[in-house]
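Text of query_11.txt (compact mmCIF, C-alpha atoms and all ligand atoms) as supplied:
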# COMPACT_ATOMS: atom_id res chain seq x y z
CA MET A 705 1.87 -16.49 -2.28
CA THR A 706 4.37 -15.55 0.44
CA SER A 707 3.77 -12.30 2.28
CA ALA A 708 5.90 -9.29 1.31
CA THR A 709 8.75 -8.52 3.70
CA LEU A 710 9.09 -5.18 5.45
CA ALA A 711 12.25 -4.59 3.40
CA GLU A 712 10.27 -5.02 0.18
CA ILE A 713 7.56 -2.67 1.44
CA GLU A 714 10.12 -0.09 2.55
CA ALA A 715 11.83 -0.23 -0.85
CA ALA A 716 8.54 0.70 -2.53
CA ILE A 717 7.84 3.77 -0.38
CA ARG A 718 8.70 6.83 -2.44
CA ASN A 719 10.33 9.81 -0.74
CA VAL A 720 9.19 13.10 -2.28
CA PRO A 721 11.30 16.05 -1.10
CA ASP A 722 9.65 19.44 -0.51
CA PHE A 723 6.04 18.22 -0.74
CA PRO A 724 3.60 19.74 0.12
CA LYS A 725 6.00 22.50 1.21
CA PRO A 726 9.76 23.13 1.38
CA GLY A 727 11.58 21.03 3.97
CA ILE A 728 9.00 18.19 4.17
CA GLN A 729 10.09 14.72 3.05
CA PHE A 730 6.75 13.26 1.99
CA LYS A 731 6.47 9.48 2.30
CA ASP A 732 4.37 8.41 -0.67
CA ILE A 733 2.74 5.01 -0.11
CA THR A 734 0.88 4.87 -3.45
CA PRO A 735 3.49 2.53 -5.04
CA VAL A 736 2.83 0.09 -2.17
CA LEU A 737 -0.93 0.27 -2.78
CA ALA A 738 -0.46 -0.27 -6.51
CA ASP A 739 1.22 -3.64 -5.94
CA GLY A 740 -1.25 -6.26 -4.73
CA ARG A 741 1.36 -8.38 -2.97
CA LEU A 742 2.89 -5.40 -1.14
CA PHE A 743 -0.51 -3.98 -0.18
CA SER A 744 -1.63 -7.35 1.18
CA GLY A 745 1.73 -7.70 2.97
CA VAL A 746 1.29 -4.34 4.74
CA ILE A 747 -2.09 -5.52 6.05
CA ASP A 748 -0.49 -8.78 7.26
CA HIS A 749 2.19 -6.83 9.14
CA LEU A 750 -0.26 -4.27 10.57
CA LEU A 751 -2.36 -7.12 11.98
CA ASP A 752 0.60 -9.20 13.14
CA GLY A 753 -0.08 -10.18 16.75
CA VAL A 754 -3.72 -9.07 16.64
CA LYS A 755 -5.63 -12.18 17.66
CA PRO A 756 -9.00 -12.92 16.02
CA GLY A 757 -11.74 -11.84 18.40
CA SER A 758 -9.48 -9.39 20.29
CA VAL A 759 -10.69 -6.27 18.45
CA ASP A 760 -14.26 -5.09 17.89
CA LYS A 761 -13.55 -2.29 15.39
CA ILE A 762 -10.80 -0.73 13.37
CA VAL A 763 -10.64 3.05 13.29
CA GLY A 764 -8.82 4.73 10.40
CA ILE A 765 -7.75 8.36 10.16
CA ASP A 766 -8.54 10.60 7.15
CA ALA A 767 -7.40 9.93 4.46
CA ARG A 768 -4.72 7.26 3.97
CA GLY A 769 -5.73 5.61 7.24
CA PHE A 770 -9.00 4.73 5.49
CA ILE A 771 -7.18 2.67 2.88
CA PHE A 772 -5.21 0.54 5.32
CA GLY A 773 -7.95 0.56 7.96
CA ALA A 774 -10.69 -0.65 5.64
CA ALA A 775 -8.53 -3.43 4.22
CA ALA A 776 -7.47 -4.50 7.73
CA ALA A 777 -11.10 -4.49 8.95
CA VAL A 778 -12.19 -6.77 6.10
CA ARG A 779 -9.21 -9.06 6.75
CA LEU A 780 -10.11 -9.26 10.46
CA GLY A 781 -13.85 -9.52 9.87
CA VAL A 782 -14.71 -6.48 12.00
CA GLY A 783 -16.31 -3.09 11.34
CA PHE A 784 -14.51 0.05 10.21
CA VAL A 785 -14.95 3.56 11.63
CA PRO A 786 -13.61 6.73 9.95
CA VAL A 787 -12.15 9.65 11.89
CA ARG A 788 -12.62 12.49 9.40
CA LYS A 789 -11.57 16.07 8.98
CA LYS A 790 -14.14 18.47 10.43
CA GLY A 791 -17.22 19.14 8.31
CA LYS A 792 -17.25 15.87 6.34
CA LEU A 793 -19.34 13.56 8.52
CA PRO A 794 -23.10 13.97 7.98
CA TRP A 795 -24.49 12.83 11.37
CA ALA A 796 -23.97 14.13 14.95
CA THR A 797 -20.26 14.31 15.76
CA HIS A 798 -17.72 14.88 18.49
CA GLU A 799 -14.85 17.12 17.42
CA GLN A 800 -11.29 17.48 18.66
CA SER A 801 -8.86 20.24 17.67
CA TYR A 802 -5.09 20.06 17.86
CA ASP A 803 -2.26 22.49 17.16
CA LEU A 804 -0.06 22.39 14.09
CA GLU A 805 3.16 24.30 13.52
CA TYR A 806 1.01 27.06 12.02
CA GLY A 807 -2.67 27.07 12.98
CA SER A 808 -4.76 24.08 13.98
CA ASN A 809 -6.74 21.12 12.65
CA THR A 810 -9.97 19.53 13.79
CA VAL A 811 -10.99 15.89 13.44
CA ALA A 812 -14.44 14.41 14.03
CA ILE A 813 -16.19 11.11 14.70
CA HIS A 814 -19.86 10.14 14.66
CA VAL A 815 -21.22 10.02 18.21
CA ASP A 816 -22.58 6.48 17.65
CA ALA A 817 -19.58 5.10 15.73
CA VAL A 818 -18.21 3.12 18.68
CA GLN A 819 -20.06 1.81 21.74
CA ALA A 820 -18.65 2.27 25.25
CA GLY A 821 -16.36 -0.63 26.12
CA GLU A 822 -15.65 -1.66 22.53
CA ARG A 823 -12.03 -2.60 21.82
CA VAL A 824 -10.65 -0.59 18.93
CA LEU A 825 -7.43 -0.66 16.95
CA LEU A 826 -6.43 2.74 15.55
CA LEU A 827 -4.59 2.79 12.21
CA ASP A 828 -2.93 5.45 10.11
CA ASP A 829 -0.30 5.51 7.39
CA LEU A 830 2.25 7.66 9.19
CA LEU A 831 3.13 8.91 12.68
CA ALA A 832 4.81 12.32 12.54
CA THR A 833 4.29 14.67 15.52
CA GLY A 834 1.46 12.49 16.84
CA GLY A 835 -1.07 15.34 16.97
CA THR A 836 -3.55 13.69 14.62
CA ALA A 837 -3.47 10.28 16.32
CA ALA A 838 -3.65 11.86 19.80
CA ALA A 839 -6.76 13.82 18.76
CA ALA A 840 -8.33 10.64 17.32
CA MET A 841 -7.60 8.86 20.61
CA GLN A 842 -9.26 11.65 22.58
CA LEU A 843 -12.37 11.22 20.44
CA LEU A 844 -12.37 7.47 21.04
CA GLU A 845 -11.92 7.91 24.76
CA ARG A 846 -14.84 10.34 24.82
CA LEU A 847 -16.99 7.53 23.36
CA GLY A 848 -15.75 5.12 26.03
CA ALA A 849 -13.80 2.96 23.59
CA LYS A 850 -10.88 0.89 24.79
CA VAL A 851 -7.92 1.63 22.49
CA VAL A 852 -6.05 -1.69 22.37
CA GLY A 853 -3.39 -0.49 19.96
CA VAL A 854 -2.25 2.27 17.63
CA ASN A 855 -0.51 0.97 14.51
CA PHE A 856 1.23 2.89 11.74
CA VAL A 857 2.89 1.82 8.52
CA ILE A 858 5.58 4.52 8.90
CA GLU A 859 7.00 6.40 11.89
CA LEU A 860 9.19 9.51 11.69
CA LYS A 861 11.08 8.80 14.93
CA PHE A 862 12.90 12.10 15.15
CA LEU A 863 9.56 13.89 15.67
CA GLU A 864 8.90 11.83 18.83
CA GLY A 865 5.17 11.51 18.12
CA ARG A 866 4.94 8.43 20.35
CA ALA A 867 5.39 10.61 23.41
CA ARG A 868 1.96 12.17 22.72
CA LEU A 869 0.14 8.83 22.60
CA GLY A 870 0.35 8.03 26.32
CA ALA A 871 0.58 4.49 27.57
CA HIS A 872 -1.20 2.85 24.64
CA PRO A 873 0.74 0.18 22.72
CA VAL A 874 2.13 1.96 19.64
CA ARG A 875 3.62 -0.03 16.77
CA SER A 876 5.09 1.04 13.45
CA LEU A 877 6.34 -1.17 10.64
CA ILE A 878 8.99 1.10 9.12
CA ALA A 879 10.85 3.87 10.94
CA TYR A 880 12.90 6.77 9.58
P1 LIG B 901 1.08 14.17 12.75
O1 LIG B 901 -0.26 14.62 13.29
O2 LIG B 901 2.12 15.24 12.79
O3 LIG B 901 1.55 12.88 13.42
O4 LIG B 901 0.88 13.88 11.21
C1 LIG B 901 0.32 12.68 10.80
C2 LIG B 901 -0.58 12.84 9.60
O5 LIG B 901 -0.02 13.70 8.61
C3 LIG B 901 -0.79 11.49 8.96
O6 LIG B 901 -2.18 11.33 8.71
C4 LIG B 901 0.05 11.51 7.70
O7 LIG B 901 -0.69 10.99 6.62
C5 LIG B 901 0.40 12.97 7.45
N1 LIG B 901 1.86 13.21 7.32
C6 LIG B 901 2.64 13.95 8.15
N2 LIG B 901 3.91 13.99 7.74
C7 LIG B 901 3.97 13.26 6.61
C8 LIG B 901 5.04 12.89 5.71
N3 LIG B 901 6.30 13.30 5.88
N4 LIG B 901 4.73 12.10 4.65
C9 LIG B 901 3.46 11.67 4.46
N5 LIG B 901 2.43 11.97 5.27
C10 LIG B 901 2.66 12.76 6.34
As a first step, turn the structure in this file into structure tokens.
Amino acid sequence: MTSATLAEIEAAIRNVPDFPKPGIQFKDITPVLADGRLFSGVIDHLLDGVKPGSVDKIVGIDARGFIFGAAAAVRLGVGFVPVRKKGKLPWATHEQSYDLEYGSNTVAIHVDAVQAGERVLLLDDLLATGGTAAAAMQLLERLGAKVVGVNFVIELKFLEGRARLGAHPVRSLIAY
């Protein structure tokens, strides 16, 4: 079976206007997940250029980052680590807050999820303002992880989220 092209994947992403609130164009990736060939193709593209043995763990961000991150970890044969919303992880955690347009959010990671020096690839479905991924990176740096890349399925370029992710290699498959 040939891998799905980025054009095929892009065609399956559903734009939902005014969700979850007026003015937001929500990028719904569930039609991609529902198609085995497209889902597998996204994982191929997310891992394109990632050499076997070059990554120790994949870190996925709550909640859609878990879907792509877990599949990518199995494909690569490495472990998976969740960065979750505050209050969900049962063991000792580090927490990192970040500002939203209104209010703030906090993400958390288990203190023993990654060992110092481990090479991690951070994955999420979508890069918007970059606040979530930047907070996840701060957590990983606190654990002494080496972030070798930050990969997204979708990037909303006009929000310039990349600027918040420092010098790390940032890659997205589909940009709007
Ligand atoms: P940000 O912290 O602004 O980069 O937002 C990224 C997080 O919010 C990701 O985990 C996305 O799943 C979610 N998100 C933000 N904007 C959208 C959007 N337009 N469509 C779908 N998900 C979004």
Could you give me, as a list in words, the residues within 12 Å of Asp739 of chain A, counting only C-alpha atoms and dropping anything in the same chain fewer than 3 positions from it?
Ala708, Glu712, Ile713, Ala716, Ile717, Ile733, Thr734, Pro735, Val736, Leu742, Phe743, Ser744, Gly745 and Val746 of chain A
List every residue of chain A that has an atom at most 8 Å from any atom of ligand LIG 901 (chain B), and for each one report the closest atom pair and its distance in Å to one decimal, counting only C-alpha atoms and all ligand atoms, with rows sorted by chain and then by increasing residue number, as a tab-separated table.
residue	atom	partner	partner_atom	distance
A:Ile728	CA	B:LIG901	N3	5.8
A:Gln729	CA	B:LIG901	N3	4.9
A:Phe730	CA	B:LIG901	N4	3.5
A:Lys731	CA	B:LIG901	N4	3.9
A:Asp732	CA	B:LIG901	C9	6.1
A:Ile765	CA	B:LIG901	O6	6.5
A:Asp766	CA	B:LIG901	O6	6.6
A:Ala767	CA	B:LIG901	O6	6.9
A:Arg768	CA	B:LIG901	O7	6.1
A:Gly769	CA	B:LIG901	O6	6.9
A:Leu804	CA	B:LIG901	O2	7.6
A:Asp828	CA	B:LIG901	O6	6.1
A:Asp829	CA	B:LIG901	O7	5.5
A:Leu830	CA	B:LIG901	C4	4.7
A:Leu831	CA	B:LIG901	O3	4.3
A:Ala832	CA	B:LIG901	O3	3.4
A:Thr833	CA	B:LIG901	O2	3.5
A:Gly834	CA	B:LIG901	O3	3.4
A:Gly835	CA	B:LIG901	O1	3.8
A:Thr836	CA	B:LIG901	O1	3.7
A:Ala837	CA	B:LIG901	O1	6.2
A:Ala838	CA	B:LIG901	O1	7.8
A:Leu860	CA	B:LIG901	N3	7.5
A:Gly865	CA	B:LIG901	O3	6.1
May I have the protein, DNA and RNA residues with any atom at most 12 Å from the point (-3.6, 4.9, 19.2), counting all atoms listed in the file, written as a CSV table (one decimal) with C-alpha atoms, in the frame of the given file?
chain,number,residue,atom,x,y,z
A,762,ILE,CA,-10.8,-0.7,13.4
A,763,VAL,CA,-10.6,3.0,13.3
A,764,GLY,CA,-8.8,4.7,10.4
A,765,ILE,CA,-7.8,8.4,10.2
A,823,ARG,CA,-12.0,-2.6,21.8
A,824,VAL,CA,-10.6,-0.6,18.9
A,825,LEU,CA,-7.4,-0.7,17.0
A,826,LEU,CA,-6.4,2.7,15.6
A,827,LEU,CA,-4.6,2.8,12.2
A,828,ASP,CA,-2.9,5.4,10.1
A,830,LEU,CA,2.2,7.7,9.2
A,831,LEU,CA,3.1,8.9,12.7
A,834,GLY,CA,1.5,12.5,16.8
A,835,GLY,CA,-1.1,15.3,17.0
A,836,THR,CA,-3.6,13.7,14.6
A,837,ALA,CA,-3.5,10.3,16.3
A,838,ALA,CA,-3.6,11.9,19.8
A,839,ALA,CA,-6.8,13.8,18.8
A,840,ALA,CA,-8.3,10.6,17.3
A,841,MET,CA,-7.6,8.9,20.6
A,842,GLN,CA,-9.3,11.6,22.6
A,843,LEU,CA,-12.4,11.2,20.4
A,844,LEU,CA,-12.4,7.5,21.0
A,845,GLU,CA,-11.9,7.9,24.8
A,849,ALA,CA,-13.8,3.0,23.6
A,850,LYS,CA,-10.9,0.9,24.8
A,851,VAL,CA,-7.9,1.6,22.5
A,852,VAL,CA,-6.0,-1.7,22.4
A,853,GLY,CA,-3.4,-0.5,20.0
A,854,VAL,CA,-2.2,2.3,17.6
A,855,ASN,CA,-0.5,1.0,14.5
A,856,PHE,CA,1.2,2.9,11.7
A,865,GLY,CA,5.2,11.5,18.1
A,866,ARG,CA,4.9,8.4,20.4
A,867,ALA,CA,5.4,10.6,23.4
A,868,ARG,CA,2.0,12.2,22.7
A,869,LEU,CA,0.1,8.8,22.6
A,870,GLY,CA,0.4,8.0,26.3
A,871,ALA,CA,0.6,4.5,27.6
A,872,HIS,CA,-1.2,2.8,24.6
A,873,PRO,CA,0.7,0.2,22.7
A,874,VAL,CA,2.1,2.0,19.6
A,875,ARG,CA,3.6,0.0,16.8
A,876,SER,CA,5.1,1.0,13.4
Item to complete: Would you mind reading off the distance between atom CA of Ala796 of chain A and atom CA of Asp816 of chain A, one decimal, in Å?
Response: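 Atom CA of Asp816 of chain A lies at a distance of 8.2 Å from atom CA of Ala796 of chain A.
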Exercise for the section: Report the distance between atom CA of Asp752 of chain A and atom CA of Ala774 of chain A in Å, rounded to one decimal place. Expected result: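 Atom-to-atom, atom CA of Asp752 of chain A to atom CA of Ala774 of chain A, that is 16.0 Å.
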Could you please determine the separation between atom CA of Ile813 of chain A and atom CA of Ile747 of chain A in Å, to one decimal place?
->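 According to the coordinates, atom CA of Ile813 of chain A and atom CA of Ile747 of chain A are separated by 23.5 Å.
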Glu714 of chain A proximity check over A:Glu822, A:Asp803, A:Glu859, A:Asp760, using only C-alpha atoms: winner is A:Glu859
*With all atoms listed in the file as the atoms that count, which of A:Gly727, A:Gly807, A:Pro756, A:Gly848 lies nearest to Ala776 of chain A?*
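Distance minimum relative to Ala776 of chain A lands on A:Pro756.
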For Val785 of chain A, the closest of A:Ala817, A:Ser808, A:Pro724, A:Tyr802 counting all atoms listed in the file is A:Ala817
Val754 of chain A proximity check over A:Ile878, A:Ala777, A:Phe770, A:Arg718, using all atoms listed in the file: winner is A:Ala777
